[in-house]
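Quick notes on the structure that follows.
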Amino acid sequence: MPKQPKYEDRLLIINKRIIISGFVADKLPTYFTSRKKVFCKDGNLMKIRDATIEEKGHVISNLTSGKGYSIYSRYDLQTGYYKFEINKYGEIIVNLEDYIK
């Protein structure tokens with residue numbers, strides 16, 4: 001069982017790097033890390049979804065601890081812990097207004 005993060009219901013974002021802790025990764029579908037991701041911003045929400053064949057997408061990297069992942073986003077976001085949810089399609093939806101510094 002991965003170490004429980006500071007906020008289990010939040011993702012850590014540092015500038016353009018999104019950190020997915022092992023605790024959160026356990027809630028994601030098994031295929032999540034095998035596909036490149038794209039970021040879609042719509043108002044105060046950002047969706048992290050699988051890239052289609054036509055899209056370049058961003059590669060998911062393992063954290064050095066081996067217990068989690070990181071993804072580089074094209075969006076420069078403020079550092080903090082952001083509220084998120086995982087929808088039925090395995091996409092991560094991040095609320096950009098609900099964060100803790």
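Residues in the structure tokens are named by chain (A, B, ... in the order shown) and by number from 1 within that chain; ligands are numbered from 1 in the order shown.
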At a cut-off of 7 Å, using only C-alpha atoms, what residues contact region 60-70 of chain A? Leave out same-chain residues fewer than 2 positions from it and give the result as JSON, numbers by chain. {"A": [2, 17, 18, 19, 20, 21, 22, 25, 33, 36, 58, 72]}
Region 77-91 of chain A surroundings by only C-alpha atoms, 10 Å radius, close-in-sequence under 6 positions cut, as JSON, numbers by chain: {"A": [6, 7, 8, 9, 10, 11, 12, 13, 14, 15, 16, 17, 18, 19, 24, 27, 28, 29, 30, 31, 32, 37, 45, 46, 47, 48, 49, 50, 97, 98, 99, 100, 101]}
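DSSP on the backbone gives alpha helix (DSSP H) for these parts of chain A: Gly22, Phe23, Val24 and Ala25 of chain A.
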For the residues in the current selection, export C-alpha atoms as an mmCIF file, in the first residue's frame.
data_model
loop_
_atom_site.group_PDB
_atom_site.id
_atom_site.type_symbol
_atom_site.label_atom_id
_atom_site.label_comp_id
_atom_site.auth_asym_id
_atom_site.auth_seq_id
_atom_site.Cartn_x
_atom_site.Cartn_y
_atom_site.Cartn_z
ATOM 1 C CA GLY A 22 0.719 6.164 -5.537
ATOM 2 C CA PHE A 23 -2.375 6.540 -3.365
ATOM 3 C CA VAL A 24 -4.221 8.325 -6.205
ATOM 4 C CA ALA A 25 -2.726 6.025 -8.875
#
Looking at only C-alpha atoms, which of A:Asp76, A:Phe39, A:Val94, A:Ile71 is the one that sits closest to Ala51 (chain A)?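 Checking each candidate against Ala51 (chain A), we get A:Phe39 as the closest.
Distances here use only C-alpha atoms; by that measure, the residue among A:Tyr75, A:Ile92, A:Val59, A:Asp26 closest to Lys41 (chain A) is A:Tyr75.
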Using the chain letters and numbers from this document, which residues of region 9-99 of chain A does DSSP assign to strand (DSSP E), as a PyMOL selection string? chain A and resi 10-14+17-21+37-42+45-50+60-62+68-72+80-86+92-99
Selected residues, C-alpha atoms, written as a short mmCIF file (atom, residue, chain, number, x, y, z; two decimals), in the first residue's frame, please.
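Result file follows (selection.cif):
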data_model
loop_
_atom_site.label_atom_id
_atom_site.label_comp_id
_atom_site.auth_asym_id
_atom_site.auth_seq_id
_atom_site.Cartn_x
_atom_site.Cartn_y
_atom_site.Cartn_z
CA ARG A 10 -5.95 16.39 -4.03
CA LEU A 11 -3.24 16.34 -6.72
CA LEU A 12 0.03 18.18 -6.21
CA ILE A 13 0.86 20.53 -9.06
CA ILE A 14 4.24 22.28 -9.20
CA ARG A 17 4.43 19.22 -13.37
CA ILE A 18 1.43 17.26 -12.12
CA ILE A 19 2.27 14.72 -9.42
CA ILE A 20 0.02 11.66 -9.11
CA SER A 21 0.83 9.93 -5.85
CA LYS A 37 -2.13 12.24 -22.08
CA VAL A 38 -3.47 15.60 -23.26
CA PHE A 39 -4.74 18.50 -21.20
CA CYS A 40 -7.98 20.33 -21.96
CA LYS A 41 -8.82 23.52 -20.07
CA ASP A 42 -12.40 24.73 -19.87
CA LEU A 45 -11.59 22.88 -14.96
CA MET A 46 -8.73 20.99 -16.57
CA LYS A 47 -9.24 17.49 -17.92
CA ILE A 48 -6.37 15.02 -18.26
CA ARG A 49 -7.40 12.45 -20.86
CA ASP A 50 -5.91 9.90 -23.26
CA ILE A 60 3.71 9.79 -18.03
CA SER A 61 6.91 9.31 -16.01
CA ASN A 62 7.43 7.22 -12.90
CA GLY A 68 3.46 7.44 -8.33
CA TYR A 69 3.68 9.32 -11.59
CA SER A 70 4.30 12.76 -13.00
CA ILE A 71 3.09 14.42 -16.17
CA TYR A 72 4.31 17.68 -17.69
CA GLY A 80 -0.52 23.77 -4.77
CA TYR A 81 -2.76 20.82 -3.95
CA TYR A 82 -5.74 20.79 -6.34
CA LYS A 83 -9.11 19.12 -5.86
CA PHE A 84 -9.78 16.47 -8.52
CA GLU A 85 -12.14 13.68 -9.48
CA ILE A 86 -11.87 10.64 -11.72
CA ILE A 92 -8.82 13.12 -14.22
CA ILE A 93 -10.77 16.37 -13.87
CA VAL A 94 -8.91 19.02 -11.86
CA ASN A 95 -10.69 22.02 -10.31
CA LEU A 96 -8.25 24.90 -10.85
CA GLU A 97 -10.03 27.18 -8.39
CA ASP A 98 -10.06 24.78 -5.45
CA TYR A 99 -6.47 24.46 -4.28
#
